[in-house]
Structure formats: structure tokens, C-alpha cells
Amino acid sequence: MLSPQSTEVVRATLPAVGGALDEITARFYAGMFAAHPELERDLFNRGNQAAGAQRQALAGAIAAYATMLVEHPDVRPGAMLARIAHKHVALGVTEDQYKIVHRHLFAAIVSVLGEAVTAEVAAAWDEVYWLMANELIALETKLYGAAGVTPGEVWSEYAVTAAEPQGSTALALALRPADGGPLPRFEPGQYVSVAVQLPDGARQIRQYSLSAAPGSDDLRITVKRDGEVSRWLHANAAPGTLLSLSRPCGDLTLADGDEPLLLASAGIGITPMVGMLDHLVRTGATRPTTVVHGDRSPADHAHAAELTALVSQLPTAEIHRWYETDATAPDRAGYVDLAGVELPEGVRAYLCGPLPFMRAARAELLRRGVPAQRIHYEVFGPDLWLAGAR
């Protein structure tokens, strides 16, 4: 909990700091990368850096956390912090890196706000930073411990055992530990990081949802041909190729129980949903399950045949599909519209796809009375949901 003195200072300065966060985070990354070029080259997604997405996500997280500290001091932002912690563990982030971030973030704050950053203001925001950092460090320590690894030591070598095109732009890769060891434990809906060495020498890392359930002989990821790492995988990944994978991470996991489910996706957001459905089939689940998917066309739809087959094996499941083009009965034309989908009482919803799709789906679910805590989502890349809400 933020101290009373710092609470008042943060409340008074939040508009000024929040309004300058975009500039602060831009200077922060520039300064940190100048001092630590290895972080830019080997850890951070340079595509997101170039587009400004990482800066927006960081600004949104800081603003949301600080606002909650002063406006709702008894409420912990558990979902937001869990999502960040899982992403950090999937990247191998360690406690010492928080000190680097602190040094360069506060240098950027002083650089942007100048004399407005008095000793009192600096102390208050320093308290905000370390409250957030220490919460994340504690969560990440638990996640590393649950995975049975030393913090940061998350990488293992895997061999590609199969590469199968999915739709017009995706490739499903089956992966097995190169040393012949067992697959790591994971939950339906989680993801792994894949690190590759690109032709210019940079080590770039991307996350991909696991698109097959626990119990398979291999891990499986499905990669859309979009971005430099994904294009590299499409061009180079074939049976026998060795790849560096992290331990599975992610907080979008399928809850146990008998409550009805809504699995709603668009585009490559289908991947965690296929893994969840595979798990439901393997475990003989009988819970009511509504599957919703939207795509550009049937030809673009990754795992289309598998999705249909999985739904057909669940006795109380139904599927609704929307295609922007080439829709034929019983499919629907245009974008996903949950207003026309009947949902049972007590449904728990899982969303994955582009942000506009998820925002629209969540708004419709809230309008229909689904509690916010029963709506879960996965963002591929930096979490701009909070940034968009500022």
C-alpha cells in the first residue's frame, strides 16, 4: 500500500505524469538501449519498439497501477500484474533488470518534467515504482519456482518434428525436446516464447500460443506469416530444425469445472482456443461450450477442419463462424457479432484476436450481464488494452 504522504503527492501529480508518459517512455527506452544495447538486440521486440506499441503498453500499465494505488488502495491489480509477470518469465526477465529499468525510467522522468520533479515528487513515484516492481518480482519468483527453474533460465532446445500449413498464411509446428526429455507441464491456453537468431545477428523473441492440449506427443505452435520472426520460421522451420523455446507461460488458462464456456476468437486468435477444445475432448468434458470464430475467408481460417472435428466430438458444443468474404450457409458474412449468439446463464468467456474484436466482444458480453471477472482475454504482443483506455 502506498504511504499516505506519497498517496497525496501521486494524486496531485498523476495528471502531469500521466500526460507526459508517452514522452517519458520514449526517452526511457532510448536511454536504456543506449546504455544496454544488448537488451534492444536480444530481449525487446524491435518491431513493437519501432511502432511505439511497447511504449504505449508500458505507459498504460504505469498509469493504471498508479491510479489504482490512489483511487482504490485496497484493490490489487492482480490480472494486470499476472499478465505482465507471465510475459516476463517467458522472456527470462530477472530481478536485477528492474534496477536498470528504474535508473533509466527516473532519468527520463526528470528529463521530461524538469524542476517539477522535486525531492518529494521523486520519492513518491519511486515508491510507486518499487511497489509495482516488487509485486512483479514476487509473482515471477513463484512462476520460476513452479516451473522448477532458476530465474531467467527458461530456455531449452527443441526439434521441429512436423510443419503443416494452416490456412493461407499460417504454419503449425510440432516440437519435441531435442534431448529426448519429457514435455514441460502446461495449461490449455498458455504460450511459449521462441527465440531465433536473425540474419543481422539480432536474437529476437516472440510468443506463440500452444495450439494442442497437454497430453500430446509434442508441443505445437501455429505461426502466422506476419513479422520478422514469424517470416523466419516460415522460411526456415522444417522437420529437424532446432529452436530455442521458453517454458510455457500465460494466465489465459481454461478453468476447471462444469460452468458453460464461450470460446471466441478471430484470425490467428484461434490458436489457444484449439488447444482448449483439444483439452475438453481429451478429458471427456460435457460442459456446454459455445465456439465463435471470425476470419477473412474460409481459405484464411487456420485449423478450420480441426476446429469442426473437435466441436463435433463434444456432446454439448456448438460453433458459429463469420467470414468477411466467401461466407456460405451456415456461416455468416461480415464481422463477429455476439448479439446474435445465444449464451447460457453463468457462462465464462475466453477471447483472443485483434483488439477491436475483443473490445467489441467484451462490451457486448458486459451489456448482456456477464460479470467482468468471468471475461478473460489474451493479447498477442504488448498489452495495449490498458493503453487504449487512458
# chains A, B, ... in the order shown; residues from 1 in each chain; ligands from 1
>>> select_by_dssp(residues="range 35-257 of chain A", states="helix (DSSP H, G or I)", output="PDB file with C-alpha atoms, in the first residue's frame")
ATOM      1  CA  ALA A  35      23.430   2.146 -22.192  1.00  0.00           C
ATOM      2  CA  PRO A  37      22.322  -2.255 -26.455  1.00  0.00           C
ATOM      3  CA  GLU A  38      22.180  -5.967 -25.685  1.00  0.00           C
ATOM      4  CA  LEU A  39      18.662  -5.516 -24.324  1.00  0.00           C
ATOM      5  CA  GLU A  40      17.444  -3.931 -27.546  1.00  0.00           C
ATOM      6  CA  ARG A  41      19.218  -6.550 -29.655  1.00  0.00           C
ATOM      7  CA  ASP A  42      18.407  -9.705 -27.687  1.00  0.00           C
ATOM      8  CA  ARG A  46      12.214  -4.290 -32.113  1.00  0.00           C
ATOM      9  CA  GLY A  47       9.099  -4.304 -34.285  1.00  0.00           C
ATOM     10  CA  ASN A  48       6.991  -3.189 -31.322  1.00  0.00           C
ATOM     11  CA  GLN A  49       9.638  -0.634 -30.432  1.00  0.00           C
ATOM     12  CA  ALA A  50       9.586   0.860 -33.916  1.00  0.00           C
ATOM     13  CA  ALA A  51       5.789   1.033 -33.922  1.00  0.00           C
ATOM     14  CA  ALA A  53       3.486  -0.298 -29.122  1.00  0.00           C
ATOM     15  CA  GLN A  54       5.842  -1.213 -26.277  1.00  0.00           C
ATOM     16  CA  ARG A  55       5.971   2.393 -25.078  1.00  0.00           C
ATOM     17  CA  GLN A  56       2.176   2.618 -25.108  1.00  0.00           C
ATOM     18  CA  ALA A  57       1.847  -0.620 -23.145  1.00  0.00           C
ATOM     19  CA  LEU A  58       4.357   0.500 -20.508  1.00  0.00           C
ATOM     20  CA  ALA A  59       2.686   3.907 -20.167  1.00  0.00           C
ATOM     21  CA  GLY A  60      -0.727   2.269 -19.810  1.00  0.00           C
ATOM     22  CA  ALA A  61       0.499  -0.143 -17.129  1.00  0.00           C
ATOM     23  CA  ILE A  62       2.183   2.608 -15.073  1.00  0.00           C
ATOM     24  CA  ALA A  63      -0.847   4.906 -15.282  1.00  0.00           C
ATOM     25  CA  ALA A  64      -3.278   2.104 -14.391  1.00  0.00           C
ATOM     26  CA  TYR A  65      -1.184   0.937 -11.444  1.00  0.00           C
ATOM     27  CA  ALA A  66      -0.654   4.437 -10.029  1.00  0.00           C
ATOM     28  CA  THR A  67      -4.335   5.282 -10.429  1.00  0.00           C
ATOM     29  CA  MET A  68      -5.361   2.149  -8.579  1.00  0.00           C
ATOM     30  CA  LEU A  69      -2.943   2.910  -5.736  1.00  0.00           C
ATOM     31  CA  VAL A  70      -4.501   6.304  -5.106  1.00  0.00           C
ATOM     32  CA  GLU A  71      -8.127   5.657  -6.028  1.00  0.00           C
ATOM     33  CA  GLY A  78      -3.985  -8.909  -9.932  1.00  0.00           C
ATOM     34  CA  ALA A  79      -4.941  -9.669 -13.545  1.00  0.00           C
ATOM     35  CA  MET A  80      -2.763  -6.903 -14.982  1.00  0.00           C
ATOM     36  CA  LEU A  81       0.273  -7.867 -12.897  1.00  0.00           C
ATOM     37  CA  ALA A  82      -0.187 -11.592 -13.573  1.00  0.00           C
ATOM     38  CA  ARG A  83      -0.228 -10.954 -17.316  1.00  0.00           C
ATOM     39  CA  ILE A  84       2.976  -8.902 -17.114  1.00  0.00           C
ATOM     40  CA  ALA A  85       4.671 -11.440 -14.832  1.00  0.00           C
ATOM     41  CA  HIS A  86       3.927 -14.336 -17.179  1.00  0.00           C
ATOM     42  CA  LYS A  87       5.306 -12.360 -20.121  1.00  0.00           C
ATOM     43  CA  HIS A  88       8.461 -11.508 -18.159  1.00  0.00           C
ATOM     44  CA  VAL A  89       9.037 -15.149 -17.206  1.00  0.00           C
ATOM     45  CA  ALA A  90       8.525 -16.184 -20.846  1.00  0.00           C
ATOM     46  CA  LEU A  91      11.327 -13.762 -21.719  1.00  0.00           C
ATOM     47  CA  ASP A  96      18.478  -7.243 -11.465  1.00  0.00           C
ATOM     48  CA  GLN A  97      16.899  -5.871 -14.646  1.00  0.00           C
ATOM     49  CA  TYR A  98      14.337  -3.950 -12.575  1.00  0.00           C
ATOM     50  CA  LYS A  99      17.213  -1.831 -11.234  1.00  0.00           C
ATOM     51  CA  ILE A 100      18.258  -0.978 -14.792  1.00  0.00           C
ATOM     52  CA  VAL A 101      14.689  -0.019 -15.675  1.00  0.00           C
ATOM     53  CA  HIS A 102      14.391   2.108 -12.523  1.00  0.00           C
ATOM     54  CA  ARG A 103      17.547   4.055 -13.256  1.00  0.00           C
ATOM     55  CA  HIS A 104      16.633   4.915 -16.826  1.00  0.00           C
ATOM     56  CA  LEU A 105      12.915   5.465 -16.186  1.00  0.00           C
ATOM     57  CA  PHE A 106      13.562   8.046 -13.491  1.00  0.00           C
ATOM     58  CA  ALA A 107      16.219   9.736 -15.598  1.00  0.00           C
ATOM     59  CA  ALA A 108      13.567  10.075 -18.315  1.00  0.00           C
ATOM     60  CA  ILE A 109      11.011  11.474 -15.844  1.00  0.00           C
ATOM     61  CA  VAL A 110      13.457  14.160 -14.708  1.00  0.00           C
ATOM     62  CA  SER A 111      14.453  14.892 -18.300  1.00  0.00           C
ATOM     63  CA  VAL A 112      10.839  15.465 -19.362  1.00  0.00           C
ATOM     64  CA  LEU A 113       9.364  17.154 -16.286  1.00  0.00           C
ATOM     65  CA  GLY A 114      12.459  19.055 -15.142  1.00  0.00           C
ATOM     66  CA  GLU A 115      12.124  21.173 -11.992  1.00  0.00           C
ATOM     67  CA  ALA A 116       8.625  19.854 -11.346  1.00  0.00           C
ATOM     68  CA  ALA A 119      12.623  15.516  -3.974  1.00  0.00           C
ATOM     69  CA  GLU A 120       9.127  14.840  -2.613  1.00  0.00           C
ATOM     70  CA  VAL A 121       7.707  14.021  -6.040  1.00  0.00           C
ATOM     71  CA  ALA A 122      10.666  11.781  -6.895  1.00  0.00           C
ATOM     72  CA  ALA A 123      10.282   9.890  -3.597  1.00  0.00           C
ATOM     73  CA  ALA A 124       6.552   9.352  -4.134  1.00  0.00           C
ATOM     74  CA  TRP A 125       6.928   7.996  -7.649  1.00  0.00           C
ATOM     75  CA  ASP A 126       9.923   5.945  -6.562  1.00  0.00           C
ATOM     76  CA  GLU A 127       7.582   4.298  -4.060  1.00  0.00           C
ATOM     77  CA  VAL A 128       5.050   3.602  -6.839  1.00  0.00           C
ATOM     78  CA  TYR A 129       7.732   2.022  -8.998  1.00  0.00           C
ATOM     79  CA  TRP A 130       9.107  -0.291  -6.314  1.00  0.00           C
ATOM     80  CA  LEU A 131       5.648  -1.327  -5.133  1.00  0.00           C
ATOM     81  CA  MET A 132       4.859  -2.442  -8.682  1.00  0.00           C
ATOM     82  CA  ALA A 133       8.316  -3.923  -9.278  1.00  0.00           C
ATOM     83  CA  ASN A 134       8.343  -5.902  -6.026  1.00  0.00           C
ATOM     84  CA  GLU A 135       4.878  -7.296  -6.685  1.00  0.00           C
ATOM     85  CA  LEU A 136       6.034  -8.438 -10.113  1.00  0.00           C
ATOM     86  CA  ILE A 137       9.288  -9.880  -8.775  1.00  0.00           C
ATOM     87  CA  ALA A 138       7.343 -11.899  -6.183  1.00  0.00           C
ATOM     88  CA  LEU A 139       4.949 -13.227  -8.821  1.00  0.00           C
ATOM     89  CA  GLU A 140       7.799 -14.066 -11.195  1.00  0.00           C
ATOM     90  CA  THR A 141       9.757 -15.837  -8.454  1.00  0.00           C
ATOM     91  CA  LYS A 142       6.731 -18.067  -7.837  1.00  0.00           C
ATOM     92  CA  LEU A 143       6.348 -18.796 -11.539  1.00  0.00           C
ATOM     93  CA  TYR A 144      10.029 -19.701 -11.912  1.00  0.00           C
ATOM     94  CA  GLY A 145       9.724 -21.937  -8.850  1.00  0.00           C
ATOM     95  CA  ALA A 146       6.610 -23.657 -10.197  1.00  0.00           C
ATOM     96  CA  ALA A 147       8.466 -24.348 -13.438  1.00  0.00           C
ATOM     97  CA  GLU A 228      10.311 -10.854 -38.951  1.00  0.00           C
ATOM     98  CA  VAL A 229      10.481 -13.827 -36.568  1.00  0.00           C
ATOM     99  CA  SER A 230       7.338 -15.435 -37.975  1.00  0.00           C
ATOM    100  CA  ARG A 231       8.607 -14.966 -41.531  1.00  0.00           C
ATOM    101  CA  TRP A 232      11.929 -16.533 -40.491  1.00  0.00           C
ATOM    102  CA  LEU A 233      10.091 -19.538 -39.080  1.00  0.00           C
ATOM    103  CA  HIS A 234       8.027 -19.926 -42.261  1.00  0.00           C
ATOM    104  CA  ALA A 235      11.205 -19.832 -44.349  1.00  0.00           C
ATOM    105  CA  ASN A 236      13.435 -21.996 -42.145  1.00  0.00           C
TER     106      ASN A 236
END
>>> residues_around(residues="range 267-282 of chain A", least_positions_apart="4", cutoff="6 Å", atoms="only C-alpha atoms", output="PDB file with C-alpha atoms, in the first residue's frame")
ATOM      1  CA  PRO A 188      -4.616 -25.209 -22.006  1.00  0.00           C
ATOM      2  CA  GLY A 189      -4.379 -21.654 -23.340  1.00  0.00           C
ATOM      3  CA  SER A 209       0.088 -19.939 -28.114  1.00  0.00           C
ATOM      4  CA  SER A 211      -2.402 -24.977 -30.162  1.00  0.00           C
ATOM      5  CA  ALA A 212      -2.590 -28.556 -28.869  1.00  0.00           C
ATOM      6  CA  ALA A 213      -3.577 -29.746 -25.407  1.00  0.00           C
ATOM      7  CA  ASP A 295     -11.877 -14.772 -40.259  1.00  0.00           C
ATOM      8  CA  CYS A 352      -8.445 -13.942 -28.344  1.00  0.00           C
ATOM      9  CA  GLY A 353      -7.871 -11.929 -31.513  1.00  0.00           C
TER      10      GLY A 353
END
